[in-house]
Amino acid sequence: MKLSKPNIIVILTDDQGYGDLGCHGNPILKTPNIDSLHDESFCFTDFHVGPTCAPTRSGLITGRYANSAGVWHTVGGRSLLRRGLPTIGEIFSRGGWRTGLFGKWHLGDAYPYRPQDRGFQEVASHGGGGLTQVPDWWGNDYFDDTYMVNGKPVAFQGYCTDVWFRLALDFISRHRDEPFLCFLTPNAPHSPYNVEPQWSDPYRGLVPTEDRANFYGMIANIDWNIGQLRMHLVTLGLTENTILVFMTDNGSSCTDPGAHTAGLQGFKNSPYDGGHRVPFFLHIPGTPGRDIPVLTAHVDFMPTMCQLAGVQDELWKAVSVDGQSLVPLVTNDPEPWPQRIMVTDSQRLPQPVKWRQSSVMSDRWRLVNGSELYDSQHDRGQEHNIAQNHPQVVVQLRRAYEKWWDKVSAQYTEEIPMVIGSPDCPVAELTAHDWRPFDYTPSDDPNQQEDNGYLVFHQGQVRKGLGTRGYFEVEVCKAGTYRFRLRRWPKECGGSLGGTNAELSRWRKDIIAEKYHPLYEGASALAITHAHVRFGDQLSTTIADPRSPFAELILYLSSGTGHLEAWFTGPDFYRGAYYVEIDQI
C-alpha cells in the first residue's frame with residue numbers, strides 16, 4: 001500500500017445521515033455510485049463526527065476536537081476556526097500538493113478565517129453554513145447562483161451540486177500532473193430541500209412527504225455526480241494514484257416519518273448515535289477494502305491522510321492532534337489497536353456547558369448526557385438505559401469525559417477575533433452571522449437554545465428585520481482612522497436603508513418547495529434614523545438617510561483586540577447592522 005505522493009479527493013456531504021444510502025439498507029433511495037464505492041473501500045462502520053456541520057469540519061481538517069478548536073456552534077461567532085491551528089490544507093500545501101475546496105466551508109467568512117486563509121489555494125464556496133444564510137450572496141437559491149472564488153464573487157449557471165463537482169473536475173484536470181488535495185463539499189442535502197424535479201420526481205408517491213422526495217432527490221443528484229467524478233478519474237488515468245474518501249458531516253436533517261435510520265436513534269444535533277455516526281468510506285487503489293467495525297472519528301482523518309501521503313513537513317511534525325492514524329487498521333498491523341474512549345457533543349451556545357448533549361463512547365458503550373448508558377453492540381437503537389446495571393462503566397466513562405473536558409475547555413474564555421486593518425484584506429466585511437451576545441444565561445434544559453435575539457443567520461430573518469443586536473470580536477492590526485459602512489441590506493442587492501427590497505427576490509416558485517417561500521419573499525421596512533459604531537470607549541453616531549444604501553461613519557481605532565458594535569436606531573427600536581464594511585482611511 002505504497003503510493004507516491006497520492007492525490008486525495010474528499011467528498012463530504014451535508015446533513016446526510018447514516019441511513020440515507022442504499023448500501024446501508026435504505027429500501028427506497030437509490031445510490032448506485034456510492035454503493036459501488038462502498039464495495040471497493042475500507043468502510044469504517046463505527047465512525048463518529050460532531051452532531052452538526054461546523055464542529056465536524058473543524059475536527060476533520062485539524063485533527064482536534066471541535067471545542068478546543070473554538071468551533072462549538074454553527075453561528076454566533078462560534079463557527080470560526082481558531083487561529084494557530086494548522087490545517088490539512090496548510091500542511092499539504094507546504095508539502096507540494098495543490099489544494100482546492102469547492103462547496104461548503106463553514107469555518108469563517110471574514111479574514112483570517114476564510115478557506116483561502118487556511119491553506120486552500122483554489123476556493124469556490126458559498127457563505128455561512130448553507131445557501132441563503134446571511135453571509136451568502138443575496139438571493140442565492142441553489143440555481144444559477146453567485147459564489148465566492150478566492151474571495152471574489154462569480155456568477156455560475158446550473159444547480160449548486162453540479163457546479164461544485166464541475167469546478168472540482170476542472171481543478172483535477174488542470175493539476176493531473178502534480179499531486180492534489182481536493183475537498184468536494186456540497187451544501188446538499190442541507191435544507192432548504194431544493195432540487196430539480198428530474199431528481200425528486202422518482203421518489204414522489206414512494207415517500208410520505210415532499211421534503212423526503214426532495215431530500216432523496218438531492219442525494220440522487222450527488223450520487224450521479226460521484227459517478228461522473230469516478231469516470232473522469234478513469235479518463236485522466238488517475239485511478240491508480242488517487243485516494244478517494246466519502247463521508248457525511250452529521251446525522252440526517254430530514255426527520256419526517258419516512259426516515260430510514262439504519263436502526264440508529266436520533267438525527268442531526270442529537271447526542272445519540274443517529275446524530276453523529278456517519279459513513280466513512282476510504283478507497284485506496286490496489287486494495288480490496290472491507291468493513292472495519294472499530295470506534296473511530298473525524299479527528300483521525302488528518303493523521304490518516306498525512307501517513308498515507310507520506311507527508312514529512314516540519315509543520316505536520318509539530319502538530320498536536322487528538323486523533324490517530326487509521327492506517328494500522330487498514331494494513332492489519334499485528335500490533336493490537338488500543339481501546340479508546342472518545343467524546344462528541346453538541347453545544348450550540350455562546351459558551352459550552354458541561355455534559356450538554358454529549359456522548360462518551362467506547363467500542364461497546366455509550367454514555368449519553370452523563371447519565372444514560374447504552375450497550376451499542378446489543379442495543380443499536382439505544383432504547384434501553386442500563387446505567388443502574390453497570391455503575392462501574394458509568395464511573396469509567398464519566399472520568400474519561402472529565403479528562404476530555406479539562407483539555408478542550410482550557411481556551412473557552414479566549415476570544416476568536418476577526419481582523420480589520422490588515423494589508424492582506426484591506427476591507428473587512430462582517431455580518432450578523434457572527435454577532436456575539438452581550439449577556440447570556442444558559443438554560444437548565446439541554447435542548448433549549450436561548451439566543452437573546454442575537455442569532456440572525458439566514459436571509460429570511462434579514463428580510464423581516466428580525467433580531468436585536470450583538471457585538472463582533474475584532475483585532476485592529478494598526479491604529480488609525482477607519483471608515484465604517486453600515487448596511488441594512490447587502491451591497492450586492494442595492495437596497496436602501498429604509499427600503500423593503502421585496503422586488504429583489506430570485507426565489508423560483510417553479511422549482512423551490514412552497515413551504516420555503518414565506519422565508520424569502522416580502523420584507524419589512526425599518527424606520528432607521530441614526531447609525532452608531534462603538535469600539536471600546538470610542539463612539540461615533542450619524543444621522544442615517546433612509547434613501548442611501550449605507551450609513552458612513554468615521555472612528556479612530558487603537559490597535560489591539562476589543563468588542564465592536566455597529567447598530568441602527570429609530571423611533572422606539574434599535575437593530576444591529578446586518579452588514580458592516582470597514583477600511584482604513
# chains A, B, ... in the order shown; residues from 1 in each chain; ligands from 1
call {"tool": "closest_atom_pairs", "arguments": {"of": "region 251-364 of chain A", "to": "region 43-61 of chain A", "cutoff": "7 Å", "atoms": "only C-alpha atoms", "output": "tab-separated table"}}
result
residue	atom	partner	partner_atom	distance
A:Gly251	CA	A:Pro51	CA	6.5
A:Lys268	CA	A:Pro51	CA	5.7
A:Asn269	CA	A:Pro51	CA	4.6
A:Ser270	CA	A:Pro51	CA	6.2
A:Gly275	CA	A:Pro51	CA	5.0
A:His276	CA	A:Pro51	CA	4.7
A:Arg277	CA	A:His48	CA	4.5
A:Val278	CA	A:Phe47	CA	5.9
A:Pro279	CA	A:Thr45	CA	6.7
A:Phe280	CA	A:Phe44	CA	5.5
A:Phe281	CA	A:Cys43	CA	4.6
A:Leu282	CA	A:Cys43	CA	6.4
A:Arg290	CA	A:Cys43	CA	6.1
A:Asp291	CA	A:Cys43	CA	4.7
A:Ile292	CA	A:Phe44	CA	4.8
A:Pro293	CA	A:Thr45	CA	5.0
A:Val294	CA	A:Asp46	CA	5.8
A:Leu295	CA	A:Asp46	CA	5.1
A:Thr296	CA	A:Phe47	CA	4.7
A:Ala297	CA	A:His48	CA	4.5
A:His298	CA	A:Leu60	CA	5.1
A:Val299	CA	A:Gly59	CA	5.1
A:Phe301	CA	A:Leu60	CA	5.9
A:Met302	CA	A:Ile61	CA	6.2
A:Thr344	CA	A:Gly50	CA	5.9
A:Asp345	CA	A:Gly50	CA	6.5
A:Ser346	CA	A:Pro51	CA	5.9
call {"tool": "write_last_selection", "arguments": {"atoms": "C-alpha atoms", "output": "compact mmCIF listing (two decimals), in the first residue's frame"}}
result
# COMPACT_ATOMS: atom_id res chain seq x y z
CA GLY A 251 -26.88 12.81 11.12
CA LYS A 268 -28.75 15.85 13.32
CA ASN A 269 -27.83 17.58 16.61
CA SER A 270 -28.64 14.51 18.70
CA GLY A 275 -26.74 12.35 15.31
CA HIS A 276 -23.04 11.66 14.83
CA ARG A 277 -22.40 8.17 13.48
CA VAL A 278 -21.79 8.55 9.75
CA PRO A 279 -20.48 6.63 6.74
CA PHE A 280 -16.74 6.84 6.17
CA PHE A 281 -15.51 5.07 3.05
CA LEU A 282 -11.77 5.10 2.37
CA ARG A 290 -13.58 -4.35 3.81
CA ASP A 291 -15.66 -3.34 6.82
CA ILE A 292 -13.75 -2.14 9.88
CA PRO A 293 -16.08 -2.14 12.93
CA VAL A 294 -13.75 -0.21 15.26
CA LEU A 295 -14.57 3.02 17.09
CA THR A 296 -13.04 5.84 15.02
CA ALA A 297 -13.75 9.52 14.44
CA HIS A 298 -13.26 12.60 12.30
CA VAL A 299 -10.21 13.66 14.33
CA PHE A 301 -8.84 11.81 9.35
CA MET A 302 -5.92 14.24 9.16
CA THR A 344 -18.61 14.16 20.92
CA ASP A 345 -21.11 16.81 21.94
CA SER A 346 -23.45 19.47 20.58
call {"tool": "residues_around", "arguments": {"residues": "region 574-581 of chain A", "least_positions_apart": "4", "cutoff": "8 Å", "atoms": "only C-alpha atoms", "output": "list in words"}}
result
Val427, Ala428, Glu429, Leu430, Thr431, Ala432, Val462, Gly467, Thr468, Arg469, Gly470, Phe484, Arg485, Leu486, Arg487, Arg488, Trp489, Pro490, Glu565, Ala566, Trp567, Phe568, Thr569 and Gly570 of chain A
call {"tool": "write_last_selection", "arguments": {"atoms": "N, CA and C atoms", "output": "short mmCIF file (atom, residue, chain, number, x, y, z; two decimals), in the first residue's frame"}}
result
data_model
loop_
_atom_site.label_atom_id
_atom_site.label_comp_id
_atom_site.auth_asym_id
_atom_site.auth_seq_id
_atom_site.Cartn_x
_atom_site.Cartn_y
_atom_site.Cartn_z
N VAL A 427 -10.32 45.57 3.12
CA VAL A 427 -11.70 45.86 3.51
C VAL A 427 -12.25 44.66 4.26
N ALA A 428 -12.53 44.87 5.53
CA ALA A 428 -13.12 43.81 6.35
C ALA A 428 -14.62 43.84 6.16
N GLU A 429 -15.21 42.68 5.95
CA GLU A 429 -16.66 42.58 5.76
C GLU A 429 -17.22 41.65 6.83
N LEU A 430 -18.03 42.20 7.72
CA LEU A 430 -18.60 41.45 8.82
C LEU A 430 -20.12 41.37 8.65
N THR A 431 -20.71 40.29 9.15
CA THR A 431 -22.16 40.13 9.04
C THR A 431 -22.74 39.68 10.38
N ALA A 432 -24.07 39.80 10.47
CA ALA A 432 -24.77 39.42 11.69
C ALA A 432 -24.61 37.94 12.02
N VAL A 462 -33.21 38.54 7.82
CA VAL A 462 -32.81 39.89 7.41
C VAL A 462 -33.98 40.57 6.70
N GLY A 467 -34.21 40.05 14.92
CA GLY A 467 -33.03 40.10 15.76
C GLY A 467 -32.97 41.39 16.56
N THR A 468 -31.99 41.48 17.42
CA THR A 468 -31.77 42.72 18.18
C THR A 468 -30.40 43.27 17.77
N ARG A 469 -29.39 42.94 18.54
CA ARG A 469 -28.04 43.33 18.14
C ARG A 469 -27.03 42.58 18.98
N GLY A 470 -25.81 42.54 18.48
CA GLY A 470 -24.72 41.91 19.20
C GLY A 470 -23.44 42.65 18.90
N PHE A 484 -16.45 53.22 8.36
CA PHE A 484 -17.44 52.15 8.55
C PHE A 484 -18.64 52.42 7.66
N ARG A 485 -19.08 51.40 6.96
CA ARG A 485 -20.32 51.48 6.21
C ARG A 485 -21.28 50.43 6.75
N LEU A 486 -22.35 50.93 7.36
CA LEU A 486 -23.34 50.07 7.98
C LEU A 486 -24.52 49.91 7.02
N ARG A 487 -24.90 48.66 6.78
CA ARG A 487 -25.96 48.37 5.80
C ARG A 487 -27.09 47.57 6.43
N ARG A 488 -28.27 47.92 5.99
CA ARG A 488 -29.44 47.12 6.34
C ARG A 488 -29.58 45.94 5.36
N TRP A 489 -29.13 46.15 4.13
CA TRP A 489 -29.14 45.14 3.08
C TRP A 489 -27.72 44.96 2.55
N PRO A 490 -27.37 43.78 2.04
CA PRO A 490 -26.02 43.60 1.50
C PRO A 490 -25.83 44.46 0.26
N GLU A 565 -19.21 47.28 18.15
CA GLU A 565 -20.66 47.31 18.00
C GLU A 565 -21.01 48.24 16.84
N ALA A 566 -21.98 47.83 16.02
CA ALA A 566 -22.46 48.65 14.92
C ALA A 566 -23.97 48.45 14.83
N TRP A 567 -24.74 49.55 14.98
CA TRP A 567 -26.18 49.38 15.06
C TRP A 567 -26.94 50.61 14.56
N PHE A 568 -28.20 50.37 14.29
CA PHE A 568 -29.12 51.41 13.87
C PHE A 568 -30.14 51.67 14.98
N THR A 569 -30.64 52.91 15.01
CA THR A 569 -31.76 53.22 15.89
C THR A 569 -32.81 53.99 15.11
N GLY A 570 -33.99 53.95 15.64
CA GLY A 570 -35.13 54.68 15.09
C GLY A 570 -36.12 54.90 16.21
#
call {"tool": "residues_around", "arguments": {"residues": "region 534-540 of chain A", "least_positions_apart": "4", "cutoff": "12 Å", "atoms": "only C-alpha atoms", "output": "PyMOL selection string"}}
result
chain A and resi 470-476+481-484+530+551-568+576
call {"tool": "residues_around", "arguments": {"residues": "Asp434 (chain A)", "least_positions_apart": "4", "cutoff": "7 Å", "atoms": "only C-alpha atoms", "output": "PyMOL selection string"}}
result
chain A and resi 75-77+472
call {"tool": "write_last_selection", "arguments": {"atoms": "C-alpha atoms", "output": "tab-separated table (two decimals), in the first residue's frame"}}
result
chain	number	residue	atom	x	y	z
A	75	VAL	CA	-23.48	30.64	14.05
A	76	GLY	CA	-22.96	33.46	16.55
A	77	GLY	CA	-19.22	33.82	16.01
A	472	PHE	CA	-18.11	41.48	17.00
call {"tool": "closest_residue", "arguments": {"among": "A:Gln16, A:Thr287, A:Thr542, A:Ser93", "to": "Phe246 (chain A)", "atoms": "only C-alpha atoms"}}
result
A:Gln16
call {"tool": "residues_around", "arguments": {"residues": "region 153-163 of chain A", "least_positions_apart": "3", "cutoff": "6 Å", "atoms": "only C-alpha atoms", "output": "ChimeraX atom specification"}}
result
/A:142-148,166,186
call {"tool": "write_last_selection", "arguments": {"atoms": "C-alpha atoms", "output": "short mmCIF file (atom, residue, chain, number, x, y, z; two decimals), in the first residue's frame"}}
result
data_model
loop_
_atom_site.label_atom_id
_atom_site.label_comp_id
_atom_site.auth_asym_id
_atom_site.auth_seq_id
_atom_site.Cartn_x
_atom_site.Cartn_y
_atom_site.Cartn_z
CA TYR A 142 -29.43 26.64 -5.33
CA PHE A 143 -29.87 27.52 -9.03
CA ASP A 144 -27.71 29.87 -11.14
CA ASP A 145 -26.07 31.30 -8.03
CA THR A 146 -23.11 33.52 -7.24
CA TYR A 147 -20.26 32.03 -5.22
CA MET A 148 -17.01 33.43 -3.89
CA ARG A 166 -17.83 20.71 -12.28
CA PRO A 186 -21.56 20.17 -1.48
#
call {"tool": "closest_residue", "arguments": {"among": "A:Tyr111, A:Trp138, A:Phe165, A:Tyr401", "to": "Pro423 (chain A)", "atoms": "only C-alpha atoms"}}
result
A:Tyr111
call {"tool": "decode", "arguments": {"residues": "region 188-284 of chain A", "atoms": "C-alpha atoms", "output": "PDB file, in the first residue's frame"}}
result
ATOM      1  CA  ALA A 188     -26.649  19.303  -0.316  1.00  0.00           C
ATOM      2  CA  PRO A 189     -28.735  17.753   1.059  1.00  0.00           C
ATOM      3  CA  HIS A 190     -28.884  20.560   3.662  1.00  0.00           C
ATOM      4  CA  SER A 191     -32.217  22.387   3.814  1.00  0.00           C
ATOM      5  CA  PRO A 192     -33.975  24.126   2.206  1.00  0.00           C
ATOM      6  CA  TYR A 193     -34.571  20.990   0.173  1.00  0.00           C
ATOM      7  CA  ASN A 194     -34.318  22.451  -3.306  1.00  0.00           C
ATOM      8  CA  VAL A 195     -33.634  20.279  -6.320  1.00  0.00           C
ATOM      9  CA  GLU A 196     -34.745  19.944  -9.921  1.00  0.00           C
ATOM     10  CA  PRO A 197     -37.855  17.752 -10.344  1.00  0.00           C
ATOM     11  CA  GLN A 198     -35.984  15.243 -12.512  1.00  0.00           C
ATOM     12  CA  TRP A 199     -34.213  14.092  -9.351  1.00  0.00           C
ATOM     13  CA  SER A 200     -37.086  14.255  -6.861  1.00  0.00           C
ATOM     14  CA  ASP A 201     -39.963  13.036  -9.053  1.00  0.00           C
ATOM     15  CA  PRO A 202     -38.890   9.359  -8.922  1.00  0.00           C
ATOM     16  CA  TYR A 203     -39.495   9.421  -5.153  1.00  0.00           C
ATOM     17  CA  ARG A 204     -42.882  11.132  -5.136  1.00  0.00           C
ATOM     18  CA  GLY A 205     -45.504   8.614  -4.174  1.00  0.00           C
ATOM     19  CA  LEU A 206     -42.894   6.371  -2.582  1.00  0.00           C
ATOM     20  CA  VAL A 207     -42.299   8.606   0.448  1.00  0.00           C
ATOM     21  CA  PRO A 208     -44.840  10.353   2.692  1.00  0.00           C
ATOM     22  CA  THR A 209     -43.724  13.976   2.276  1.00  0.00           C
ATOM     23  CA  GLU A 210     -42.484  16.444  -0.312  1.00  0.00           C
ATOM     24  CA  ASP A 211     -39.473  17.146   1.903  1.00  0.00           C
ATOM     25  CA  ARG A 212     -38.467  13.495   1.798  1.00  0.00           C
ATOM     26  CA  ALA A 213     -38.827  13.315  -2.003  1.00  0.00           C
ATOM     27  CA  ASN A 214     -36.691  16.436  -2.442  1.00  0.00           C
ATOM     28  CA  PHE A 215     -34.149  15.276   0.136  1.00  0.00           C
ATOM     29  CA  TYR A 216     -33.717  11.954  -1.641  1.00  0.00           C
ATOM     30  CA  GLY A 217     -33.582  13.763  -4.969  1.00  0.00           C
ATOM     31  CA  MET A 218     -30.681  15.884  -3.716  1.00  0.00           C
ATOM     32  CA  ILE A 219     -28.806  12.739  -2.689  1.00  0.00           C
ATOM     33  CA  ALA A 220     -29.566  11.049  -6.013  1.00  0.00           C
ATOM     34  CA  ASN A 221     -28.036  14.058  -7.746  1.00  0.00           C
ATOM     35  CA  ILE A 222     -24.915  13.785  -5.555  1.00  0.00           C
ATOM     36  CA  ASP A 223     -24.685  10.103  -6.413  1.00  0.00           C
ATOM     37  CA  TRP A 224     -24.847  10.834 -10.155  1.00  0.00           C
ATOM     38  CA  ASN A 225     -22.091  13.415  -9.808  1.00  0.00           C
ATOM     39  CA  ILE A 226     -19.897  10.948  -7.931  1.00  0.00           C
ATOM     40  CA  GLY A 227     -20.306   8.599 -10.882  1.00  0.00           C
ATOM     41  CA  GLN A 228     -19.170  11.372 -13.220  1.00  0.00           C
ATOM     42  CA  LEU A 229     -16.176  12.078 -10.993  1.00  0.00           C
ATOM     43  CA  ARG A 230     -15.040   8.465 -10.994  1.00  0.00           C
ATOM     44  CA  MET A 231     -15.349   8.236 -14.781  1.00  0.00           C
ATOM     45  CA  HIS A 232     -13.315  11.451 -15.036  1.00  0.00           C
ATOM     46  CA  LEU A 233     -10.517   9.865 -12.995  1.00  0.00           C
ATOM     47  CA  VAL A 234     -10.515   6.870 -15.318  1.00  0.00           C
ATOM     48  CA  THR A 235     -10.367   9.110 -18.388  1.00  0.00           C
ATOM     49  CA  LEU A 236      -7.404  11.038 -16.970  1.00  0.00           C
ATOM     50  CA  GLY A 237      -5.586   7.869 -15.899  1.00  0.00           C
ATOM     51  CA  LEU A 238      -5.555   8.933 -12.243  1.00  0.00           C
ATOM     52  CA  THR A 239      -7.249   5.983 -10.564  1.00  0.00           C
ATOM     53  CA  GLU A 240      -4.055   4.178  -9.585  1.00  0.00           C
ATOM     54  CA  ASN A 241      -2.687   7.047  -7.510  1.00  0.00           C
ATOM     55  CA  THR A 242      -5.829   8.692  -6.138  1.00  0.00           C
ATOM     56  CA  ILE A 243      -7.260   8.095  -2.670  1.00  0.00           C
ATOM     57  CA  LEU A 244     -10.990   8.773  -2.543  1.00  0.00           C
ATOM     58  CA  VAL A 245     -12.935   9.429   0.664  1.00  0.00           C
ATOM     59  CA  PHE A 246     -16.701   9.647   1.027  1.00  0.00           C
ATOM     60  CA  MET A 247     -18.311  10.749   4.273  1.00  0.00           C
ATOM     61  CA  THR A 248     -21.047  12.956   5.679  1.00  0.00           C
ATOM     62  CA  ASP A 249     -20.840  15.650   8.332  1.00  0.00           C
ATOM     63  CA  ASN A 250     -23.552  14.583  10.802  1.00  0.00           C
ATOM     64  CA  GLY A 251     -26.878  12.806  11.119  1.00  0.00           C
ATOM     65  CA  SER A 252     -29.779  13.347   8.792  1.00  0.00           C
ATOM     66  CA  SER A 253     -31.634  16.662   8.909  1.00  0.00           C
ATOM     67  CA  CYS A 254     -34.766  15.248   7.254  1.00  0.00           C
ATOM     68  CA  THR A 255     -36.690  13.834  10.198  1.00  0.00           C
ATOM     69  CA  ASP A 256     -40.145  13.146   8.770  1.00  0.00           C
ATOM     70  CA  PRO A 257     -41.860   9.744   9.191  1.00  0.00           C
ATOM     71  CA  GLY A 258     -40.216   8.428   6.027  1.00  0.00           C
ATOM     72  CA  ALA A 259     -36.736   8.419   7.546  1.00  0.00           C
ATOM     73  CA  HIS A 260     -34.591   5.295   7.324  1.00  0.00           C
ATOM     74  CA  THR A 261     -32.043   5.439  10.144  1.00  0.00           C
ATOM     75  CA  ALA A 262     -30.334   2.049   9.717  1.00  0.00           C
ATOM     76  CA  GLY A 263     -31.548   1.269  13.215  1.00  0.00           C
ATOM     77  CA  LEU A 264     -29.916   4.267  14.881  1.00  0.00           C
ATOM     78  CA  GLN A 265     -31.685   6.620  17.269  1.00  0.00           C
ATOM     79  CA  GLY A 266     -31.580  10.354  16.633  1.00  0.00           C
ATOM     80  CA  PHE A 267     -30.955  12.812  13.835  1.00  0.00           C
ATOM     81  CA  LYS A 268     -28.751  15.846  13.323  1.00  0.00           C
ATOM     82  CA  ASN A 269     -27.832  17.584  16.605  1.00  0.00           C
ATOM     83  CA  SER A 270     -28.643  14.509  18.700  1.00  0.00           C
ATOM     84  CA  PRO A 271     -26.227  13.005  21.251  1.00  0.00           C
ATOM     85  CA  TYR A 272     -27.472   9.548  20.262  1.00  0.00           C
ATOM     86  CA  ASP A 273     -25.639   7.675  17.511  1.00  0.00           C
ATOM     87  CA  GLY A 274     -28.033   8.821  14.790  1.00  0.00           C
ATOM     88  CA  GLY A 275     -26.743  12.347  15.314  1.00  0.00           C
ATOM     89  CA  HIS A 276     -23.037  11.660  14.832  1.00  0.00           C
ATOM     90  CA  ARG A 277     -22.402   8.167  13.483  1.00  0.00           C
ATOM     91  CA  VAL A 278     -21.795   8.550   9.751  1.00  0.00           C
ATOM     92  CA  PRO A 279     -20.479   6.631   6.745  1.00  0.00           C
ATOM     93  CA  PHE A 280     -16.740   6.842   6.170  1.00  0.00           C
ATOM     94  CA  PHE A 281     -15.506   5.066   3.046  1.00  0.00           C
ATOM     95  CA  LEU A 282     -11.770   5.097   2.371  1.00  0.00           C
ATOM     96  CA  HIS A 283     -10.903   3.911  -1.134  1.00  0.00           C
ATOM     97  CA  ILE A 284      -7.211   3.166  -1.618  1.00  0.00           C
TER      98      ILE A 284
END
